[in-house]
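Structure file query-v7.txt (compact mmCIF, C-alpha atoms and all ligand atoms) is printed below.
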# COMPACT_ATOMS: atom_id res chain seq x y z
CA MET J 290 8.23 -22.75 -11.84
CA LYS J 291 5.92 -25.74 -12.41
CA ASN J 292 3.88 -25.53 -9.17
CA LEU J 293 3.82 -23.49 -5.97
CA LEU J 294 2.93 -25.98 -3.26
CA SER J 295 4.90 -24.98 -0.15
CA MET J 296 7.99 -22.89 0.62
CA GLU J 297 9.87 -26.17 1.10
CA HIS J 298 9.81 -26.59 -2.69
CA VAL J 299 11.02 -23.08 -3.62
CA THR J 300 14.73 -22.19 -3.89
CA PRO J 301 16.24 -18.88 -2.67
CA ASN J 302 16.90 -17.95 -6.33
CA GLU J 303 13.25 -18.54 -7.22
CA ILE J 304 12.13 -16.49 -4.20
CA GLU J 305 14.40 -13.64 -5.23
CA ALA J 306 13.15 -13.78 -8.84
CA LEU J 307 9.49 -13.75 -7.77
CA ILE J 308 10.06 -10.77 -5.44
CA THR J 309 12.04 -8.82 -8.06
CA ARG J 310 9.39 -9.46 -10.68
CA ALA J 311 6.52 -8.49 -8.32
CA ILE J 312 8.28 -5.19 -7.51
CA ASP J 313 8.88 -4.55 -11.23
CA ILE J 314 5.19 -5.11 -11.97
CA LYS J 315 4.27 -2.79 -9.08
CA HIS J 316 6.51 -0.13 -10.63
CA GLY J 317 4.71 -0.41 -13.98
CA ARG J 318 6.90 -2.78 -16.01
CA PRO J 319 4.87 -4.45 -18.79
CA VAL J 320 3.21 -7.72 -17.90
CA MET J 321 3.31 -10.96 -19.90
CA LYS J 322 0.77 -11.66 -22.61
CA LEU J 323 -1.35 -14.39 -21.00
CA ASN J 324 -4.78 -13.71 -22.51
CA ASP J 325 -4.89 -17.22 -23.99
CA LYS J 326 -4.67 -18.77 -20.49
CA THR J 327 -7.50 -19.94 -18.24
CA VAL J 328 -7.28 -20.31 -14.47
CA VAL J 329 -9.74 -21.73 -11.93
CA ASN J 330 -9.67 -20.70 -8.26
CA LEU J 331 -11.00 -23.46 -5.97
CA PHE J 332 -11.61 -22.23 -2.42
CA TYR J 333 -12.80 -25.05 -0.15
CA GLU J 334 -12.18 -22.70 2.82
CA ASN J 335 -13.31 -19.09 3.18
CA SER J 336 -11.02 -16.28 2.08
CA THR J 337 -11.13 -12.57 1.38
CA ARG J 338 -7.53 -11.51 0.63
CA THR J 339 -6.13 -14.59 -1.12
CA LYS J 340 -9.21 -15.22 -3.27
CA LEU J 341 -9.83 -11.61 -4.29
CA SER J 342 -6.20 -10.71 -4.83
CA PHE J 343 -5.82 -13.73 -7.12
CA GLU J 344 -8.94 -12.54 -8.96
CA MET J 345 -7.45 -9.03 -9.23
CA ALA J 346 -4.09 -10.45 -10.40
CA GLU J 347 -5.85 -12.58 -13.04
CA LYS J 348 -7.84 -9.54 -14.24
CA LYS J 349 -4.70 -7.39 -14.49
CA LEU J 350 -2.95 -10.14 -16.49
CA ASN J 351 -6.00 -10.57 -18.76
CA VAL J 352 -6.08 -14.24 -17.76
CA GLU J 353 -9.52 -15.84 -18.20
CA ARG J 354 -10.94 -16.95 -14.85
CA LEU J 355 -13.59 -19.70 -14.87
CA PRO J 356 -15.81 -19.16 -11.82
CA PHE J 357 -15.96 -22.12 -9.43
CA ASP J 358 -18.10 -22.21 -6.30
CA VAL J 359 -17.60 -25.28 -4.09
CA SER J 360 -21.16 -25.05 -2.69
CA THR J 361 -22.86 -25.19 -6.12
CA SER J 362 -20.42 -27.63 -7.72
CA SER J 363 -20.50 -31.44 -7.77
CA VAL J 364 -18.34 -31.39 -4.63
CA SER J 365 -21.75 -31.31 -2.88
CA LYS J 366 -22.47 -34.73 -4.51
CA GLY J 367 -19.28 -36.13 -3.01
CA GLU J 368 -16.86 -35.56 -5.89
CA SER J 369 -13.29 -35.82 -4.64
CA LEU J 370 -10.71 -33.05 -4.84
CA TYR J 371 -8.67 -35.13 -7.29
CA ASP J 372 -11.65 -35.80 -9.60
CA THR J 373 -12.69 -32.13 -9.46
CA CYS J 374 -9.20 -30.92 -10.39
CA LYS J 375 -8.72 -33.61 -13.05
CA THR J 376 -12.05 -32.51 -14.59
CA LEU J 377 -10.88 -28.89 -14.73
CA GLU J 378 -7.66 -30.02 -16.39
CA ALA J 379 -9.71 -32.09 -18.89
CA ILE J 380 -11.92 -29.14 -19.86
CA GLY J 381 -8.92 -26.95 -20.55
CA ALA J 382 -7.80 -25.05 -17.43
CA ASP J 383 -4.14 -24.01 -17.61
CA ALA J 384 -3.61 -23.70 -13.82
CA LEU J 385 -5.52 -24.11 -10.55
CA VAL J 386 -5.35 -22.02 -7.38
CA VAL J 387 -6.51 -24.23 -4.49
CA ARG J 388 -7.27 -23.54 -0.82
CA HIS J 389 -8.30 -26.64 1.13
CA PRO J 390 -8.65 -27.51 4.85
CA ASP J 391 -6.52 -30.68 4.59
CA ASN J 392 -2.78 -30.34 5.25
CA LYS J 393 -0.79 -31.29 2.12
CA TYR J 394 -3.96 -31.86 0.05
CA TYR J 395 -1.72 -31.16 -2.95
CA GLU J 396 0.07 -34.52 -2.63
CA GLU J 397 -2.97 -36.23 -4.19
CA LEU J 398 -2.75 -33.84 -7.16
CA GLU J 399 0.86 -34.62 -8.04
CA HIS J 400 -0.04 -36.47 -11.26
CA LEU J 401 -2.00 -33.58 -12.74
CA ASN J 402 -0.39 -32.04 -15.81
CA ILE J 403 -1.27 -28.43 -14.99
CA PRO J 404 0.28 -26.18 -12.31
CA ILE J 405 -1.22 -26.01 -8.83
CA ILE J 406 -0.79 -22.85 -6.76
CA ASN J 407 -1.47 -23.53 -3.09
CA GLY J 408 -3.70 -20.82 -1.62
CA GLY J 409 -3.39 -22.40 1.86
CA ASP J 410 -3.65 -25.98 3.15
CA GLY J 411 -5.12 -26.44 6.65
CA SER J 412 -2.47 -25.58 9.23
CA GLY J 413 0.24 -26.67 6.76
CA SER J 414 1.47 -23.89 4.49
CA HIS J 415 0.55 -20.62 2.78
CA PRO J 416 3.32 -19.97 0.26
CA THR J 417 1.75 -17.00 -1.56
CA GLN J 418 1.31 -15.19 1.77
CA SER J 419 4.93 -15.88 2.67
CA LEU J 420 6.12 -14.50 -0.68
CA LEU J 421 4.09 -11.30 -0.36
CA ASP J 422 5.35 -10.90 3.21
CA MET J 423 8.97 -11.24 2.05
CA MET J 424 8.33 -8.76 -0.78
CA THR J 425 7.00 -6.25 1.80
CA ILE J 426 9.99 -6.75 4.10
CA TYR J 427 12.43 -6.42 1.20
CA GLU J 428 10.74 -3.25 -0.11
CA ASN J 429 10.79 -1.59 3.31
CA LEU J 430 14.13 -2.75 4.72
CA GLY J 431 16.13 -3.50 1.55
CA ARG J 432 17.12 -7.01 2.59
CA ILE J 433 15.92 -10.18 4.31
CA CYS J 434 19.28 -11.81 5.10
CA GLY J 435 20.45 -10.99 8.64
CA LEU J 436 17.13 -9.51 9.82
CA LYS J 437 15.72 -10.62 13.17
CA ILE J 438 12.08 -11.55 12.69
CA ALA J 439 9.60 -12.62 15.37
CA ILE J 440 6.41 -14.48 14.44
CA VAL J 441 4.01 -14.02 17.34
CA GLY J 442 0.75 -15.69 18.37
CA ASP J 443 -1.05 -18.91 17.47
CA ILE J 444 1.93 -20.69 15.92
CA LYS J 445 0.40 -24.16 16.25
CA HIS J 446 -2.53 -23.54 13.91
CA SER J 447 -0.84 -21.07 11.57
CA ARG J 448 0.17 -22.05 8.05
CA VAL J 449 1.61 -18.52 7.68
CA ALA J 450 3.98 -19.13 10.62
CA LYS J 451 5.22 -22.38 9.11
CA SER J 452 5.72 -21.04 5.59
CA ASN J 453 7.42 -17.88 6.82
CA ALA J 454 9.69 -19.71 9.27
CA GLU J 455 10.81 -22.00 6.46
CA ALA J 456 11.25 -19.31 3.82
CA LEU J 457 12.76 -16.55 5.97
CA THR J 458 15.31 -18.98 7.42
CA LYS J 459 16.16 -20.10 3.88
CA MET J 460 16.72 -16.44 2.95
CA GLY J 461 19.14 -15.92 5.87
CA ALA J 462 16.88 -14.21 8.43
CA GLU J 463 17.04 -15.07 12.16
CA VAL J 464 13.53 -16.27 12.98
CA TYR J 465 11.97 -16.42 16.46
CA PHE J 466 8.54 -17.55 17.63
CA SER J 467 6.57 -16.07 20.52
CA GLY J 468 3.16 -16.84 22.03
CA PRO J 469 1.19 -18.86 24.58
CA VAL J 470 2.78 -22.21 25.49
CA GLU J 471 -0.43 -24.07 24.53
CA LEU J 472 -0.24 -22.59 21.01
CA GLN J 473 3.41 -23.44 20.39
CA ASP J 474 4.58 -25.95 17.81
CA ASN J 475 7.71 -27.65 19.05
CA THR J 476 8.15 -29.80 15.94
CA LEU J 477 9.77 -26.76 14.31
CA ASN J 478 13.37 -25.94 15.16
CA ILE J 479 12.72 -22.26 15.97
CA PRO J 480 13.52 -20.68 19.39
CA TYR J 481 10.71 -19.12 21.46
CA ILE J 482 11.12 -15.71 23.11
CA GLY J 483 8.78 -13.39 25.06
CA ILE J 484 6.97 -10.56 23.27
CA ASP J 485 8.90 -7.84 25.14
CA GLU J 486 12.22 -9.44 24.21
CA ALA J 487 11.07 -9.51 20.56
CA VAL J 488 10.08 -5.83 20.78
CA ASP J 489 13.58 -5.01 22.09
CA PHE J 490 15.69 -6.37 19.27
CA CYS J 491 13.61 -7.53 16.29
CA ASP J 492 13.46 -5.75 12.92
CA VAL J 493 10.07 -7.24 12.12
CA ILE J 494 7.23 -8.42 14.37
CA MET J 495 4.65 -10.46 12.56
CA LEU J 496 1.44 -10.97 14.55
CA LEU J 497 -0.88 -13.92 13.98
CA ARG J 498 -4.59 -14.28 14.53
CA VAL J 499 -5.79 -16.65 17.25
CA GLN J 500 -7.60 -19.17 15.04
CA HIS J 501 -10.72 -19.85 17.08
CA GLU J 502 -12.21 -21.89 14.21
CA ARG J 503 -9.39 -24.48 14.49
CA HIS J 504 -9.49 -24.85 18.33
CA GLU J 505 -11.35 -23.79 21.48
CA SER J 506 -8.51 -22.58 23.72
CA TYR J 507 -8.16 -18.84 24.35
CA ALA J 508 -11.71 -18.17 23.09
CA GLN J 509 -12.72 -17.23 26.63
CA MET J 510 -9.67 -15.16 27.57
CA PRO J 511 -10.51 -11.42 27.78
CA LYS J 512 -9.07 -9.51 24.80
CA ALA J 513 -7.09 -7.10 26.97
CA GLU J 514 -5.51 -9.96 28.92
CA TYR J 515 -4.36 -11.77 25.78
CA ASN J 516 -3.02 -8.51 24.38
CA ALA J 517 -1.11 -7.64 27.56
CA LEU J 518 0.53 -11.09 27.69
CA TYR J 519 1.17 -11.84 24.02
CA GLY J 520 0.06 -8.99 21.76
CA MET J 521 1.15 -5.73 20.14
CA ASN J 522 -0.04 -2.40 21.50
CA LYS J 523 0.97 1.27 21.40
CA GLU J 524 3.42 0.97 24.28
CA ARG J 525 5.23 -1.97 22.68
CA MET J 526 5.18 -0.30 19.25
CA ASP J 527 6.87 2.77 20.77
CA ASN J 528 9.58 0.54 22.25
CA MET J 529 10.49 -1.07 18.90
CA LYS J 530 13.59 -0.11 16.90
CA PRO J 531 13.02 3.07 14.83
CA ASP J 532 12.78 1.32 11.43
CA ALA J 533 11.15 -1.89 12.66
CA LEU J 534 7.99 -3.16 10.95
CA ILE J 535 4.72 -4.55 12.29
CA MET J 536 3.02 -7.11 10.05
CA HIS J 537 -0.10 -9.29 10.17
CA PRO J 538 -1.44 -11.56 7.40
CA ALA J 539 -5.05 -10.71 8.44
CA PRO J 540 -7.91 -11.19 9.07
CA ILE J 541 -7.22 -9.39 12.36
CA ASN J 542 -8.78 -9.96 15.77
CA ARG J 543 -8.65 -6.25 16.68
CA ASN J 544 -7.60 -5.57 20.27
CA VAL J 545 -6.58 -9.22 20.78
CA GLU J 546 -3.24 -9.84 19.06
CA ILE J 547 -2.99 -6.18 17.95
CA THR J 548 -4.72 -3.04 19.21
CA ASP J 549 -6.69 -0.66 16.99
CA GLU J 550 -4.22 2.23 17.13
CA VAL J 551 -1.37 -0.04 15.95
CA VAL J 552 -3.19 -1.60 12.96
CA GLU J 553 -2.69 1.60 10.94
CA GLY J 554 0.11 3.00 13.17
CA GLU J 555 3.41 4.33 11.83
CA LYS J 556 5.22 0.99 11.93
CA SER J 557 2.41 -1.07 10.43
CA VAL J 558 2.69 -2.34 6.85
CA ILE J 559 -0.42 -4.50 7.12
CA PHE J 560 -2.40 -2.90 4.28
CA GLU J 561 0.77 -2.65 2.19
CA GLN J 562 1.01 -6.45 2.54
CA MET J 563 -2.46 -6.71 0.98
CA THR J 564 -1.54 -4.35 -1.88
CA ASN J 565 1.63 -6.35 -2.51
CA GLY J 566 -0.43 -9.54 -2.54
CA VAL J 567 -1.85 -8.60 -5.93
CA PHE J 568 1.59 -7.93 -7.48
CA MET J 569 3.13 -11.05 -5.95
CA ARG J 570 0.25 -13.18 -7.24
CA MET J 571 0.72 -11.66 -10.71
CA SER J 572 4.40 -12.61 -10.51
CA ILE J 573 3.49 -16.17 -9.45
CA LEU J 574 0.85 -16.56 -12.18
CA GLU J 575 3.29 -15.34 -14.82
CA SER J 576 5.86 -17.81 -13.55
CA VAL J 577 3.63 -20.90 -13.60
CA LEU J 578 1.73 -19.98 -16.77
CA ASP J 579 4.91 -19.18 -18.68
CA GLY J 580 5.77 -22.86 -18.26
CA GLU J 581 9.49 -22.28 -18.06
CA GLY J 582 9.87 -20.35 -14.80
CA SER J 583 10.18 -16.68 -14.04
CA ASN J 584 13.95 -16.56 -13.91
CA ASN J 585 14.65 -17.92 -17.38
CA HIS J 586 16.34 -15.85 -20.05
CA ALA J 587 13.41 -16.03 -22.47
CA PHE J 588 11.24 -14.23 -19.92
CA GLU J 589 12.27 -10.66 -20.82
CA LYS J 590 11.58 -11.30 -24.52
CA ARG J 591 8.01 -12.40 -23.85
CA TYR J 592 6.81 -9.23 -22.11
CA ALA J 593 4.01 -7.50 -23.95
CA VAL J 594 1.53 -4.88 -22.82
CA THR J 595 -1.80 -6.68 -22.45
CA GLN J 596 -4.15 -3.81 -23.30
N1 LIG J 601 -4.16 -13.73 4.79
C1 LIG J 601 -5.10 -14.51 4.26
O1 LIG J 601 -4.83 -15.63 3.80
O2 LIG J 601 -6.36 -13.99 4.29
P1 LIG J 601 -7.65 -14.69 3.69
O3 LIG J 601 -7.95 -15.89 4.56
O4 LIG J 601 -8.74 -13.65 3.75
O5 LIG J 601 -7.34 -15.14 2.30

Write-out of the structure in structure tokens:
Amino acid sequence: MKNLLSMEHVTPNEIEALITRAIDIKHGRPVMKLNDKTVVNLFYENSTRTKLSFEMAEKKLNVERLPFDVSTSSVSKGESLYDTCKTLEAIGADALVVRHPDNKYYEELEHLNIPIINGGDGSGSHPTQSLLDMMTIYENLGRICGLKIAIVGDIKHSRVAKSNAEALTKMGAEVYFSGPVELQDNTLNIPYIGIDEAVDFCDVIMLLRVQHERHESYAQMPKAEYNALYGMNKERMDNMKPDALIMHPAPINRNVEITDEVVEGEKSVIFEQMTNGVFMRMSILESVLDGEGSNNHAFEKRYAVTQ
């Protein structure tokens, strides 16, 4: 895989290979020898999970990480994203992980000669989150094809909703959206259902954070009111199918889209998603740094224990 920009660009075979490889790594299979590679993580937007799980993945792969802090870099002198990334390519970086507030920022980087991994672009896409979510679903339910999956909450501002709708549909899942009318995105060809309908028949309910930093609406609504109308709580969790999963990409607005007792309740795989994020990001880094893609036949031959 040359780049990971959005789920639009990834084939079902590539998705399957990345998930299989991430699960293999999680189960202790040797990782690739990548200690001659250097990666830079550029986070123009705040992050805890994506940034630190990439750092953990890079450490576990023995990949050299050059520290980059937007606030102390020449970005503060007005240097463009393109010039910043081209500079990092020129000084020898082998790949860049980029999170940026502009949708499709990566289009201006298409002439770079090193891989770009998109760590989230505005309200556009979040492919690494989608891949770790699919890994978690596959590990728990043994398949993705044929599952009924509801993505619930602030669809309009969510890059996770868009990437997951695209990728899960591509993998054969039946995807539904649910949430307040004002936070719907009707440009996507996904049917909307109510939360209680989703609870009735879905195999997976994926909650989304209300993104107050991207808009003002719903900031004033009492938490309990939002939760009763659109959120997950103990009563709804108890009404779900026995093996159904509750997911959330986090960060979580506790007691808004999901109540405290559900966050670590019996159906929740939220912290498992975060654990899987490290293994999925290792799988992605191996794939782009290998230069030939993770599902090529030379891949097996190149495994070597890194320590
Ligand atoms: N899920 C996710 O992208 O979290 P961060 O914003 O903390 O990276």

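In this comparison, which uses all atoms listed in the file, the residue of J:Ala539, J:Ile547, J:Val464, J:Ile406 approaching ligand LIG 601 (chain J) most closely is J:Ala539.
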
Quiz item: Which neighbours of Ala454 in chain J fall inside 8 Å, counting all atoms listed in the file, when residues of the same chain fewer than 4 positions from it are skipped, and could you give them as a PyMOL selection string?
Solution: chain J and resi 450+458+464+479

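Coordinates place CA of Arg570 in chain J at a distance of 24.9 Å from CA of Val441 in chain J.
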
Residues of range 328-397 of chain J within 12 Å of range 528-538 of chain J: nearest atom pair and distance (Å, one decimal) for each, counting only C-alpha atoms, sorted by chain and number, as a Markdown table?
| residue | atom | partner | partner_atom | distance |
| --- | --- | --- | --- | --- |
| J:Ser336 | CA | J:Pro538 | CA | 11.9 |
| J:Thr337 | CA | J:Pro538 | CA | 11.5 |
| J:Arg338 | CA | J:Pro538 | CA | 9.1 |
| J:Thr339 | CA | J:Pro538 | CA | 10.2 |

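Considering all atoms listed in the file, the residue among J:Glu334, J:Glu463, J:Glu561, J:Glu344 positioned nearest to ligand LIG 601 (chain J) is J:Glu334.
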
Exercise. Extract, using all atoms listed in the file, all DNA, RNA and protein residues at most 10 Å from Ile573 in chain J, discarding same-chain residues fewer than 3 positions from it, and format them as a ChimeraX atom specification.
Key: /J:290,292-293,306-308,310-311,343,346,406,417,420,567-570,576-579,582-583

Quiz item: CA of Asn335 in chain J and CA of Gly442 in chain J, how far apart in Å?
Solution: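 These two atoms are separated by 21.0 Å.
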
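Across J:Leu331, J:Cys374, J:Val499, J:Met460, the tightest approach to Val386 in chain J is made by J:Leu331 when counting all atoms listed in the file.
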
Practice problem: Place a sphere of radius 8 Å on (4.1, -16.8, 20.1) in the file coordinates and name every protein, DNA or RNA residue with an atom inside or on its surface, counting all atoms listed in the file; give the answer as a list in words. | Solution: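 Counting all atoms listed in the file, I find these residues within 8 Å of (4.1, -16.8, 20.1): Ile440, Val441, Gly442, Asp443, Ile444, Phe466, Ser467, Gly468, Pro469, Val470, Leu472, Gln473, Tyr481, Ile482, Gly483, Ile484 and Tyr519 of chain J.
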
Self-check item: Expected answer as an MDAnalysis selection string: all residues with atoms within 12 Å of (-19.7, -28.8, -0.8), all atoms listed in the file
Solution: chainID J and resid 331:334 357:370 373 389

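Proximity of J:Gly413, J:Gly317, J:Gly408, J:Pro356 to ligand LIG 601 (chain J), computed with all atoms listed in the file, is greatest for J:Gly408.
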
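Coordinates place CA of Phe560 in chain J at a distance of 16.5 Å from CA of Met521 in chain J.
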
Practice problem: Within 12 Å of Gln509 in chain J, counting only C-alpha atoms, which residues show up once you throw out same-chain ones fewer than 5 positions away? Write them as a list in words, please. | Solution: Val499, His501, His504, Glu514, Tyr515 and Val545 of chain J

Quiz prompt | Which of J:Val328, J:Ala456, J:Ala384, J:Leu355 sits closest to Glu303 in chain J [using only C-alpha atoms] | solution =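 Once distances to Glu303 in chain J are computed over only C-alpha atoms, the minimum belongs to J:Ala456.
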
Quiz item: Restricting the calculation to all atoms listed in the file, which member of J:Ser412, J:Thr309, J:Ser572, J:Asn522 is positioned closest to ligand LIG 601 (chain J)?
Solution: J:Ser412

Quiz item: So which residues touch Arg543 in chain J within 10 Å, counting all atoms listed in the file, skipping near sequence neighbours fewer than 6 positions away, as a list in words?
Solution: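 My list of contacting residues is Arg498, Lys512, Asn516, Asp549, Glu550, Val551 and Val552 of chain J.
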
Quiz item: Could you name the residues that touch Val352 in chain J at 12 Å or less, counting all atoms listed in the file, but leaving out those on the same chain fewer than 6 positions away, as a count of residues only?
Solution: 23
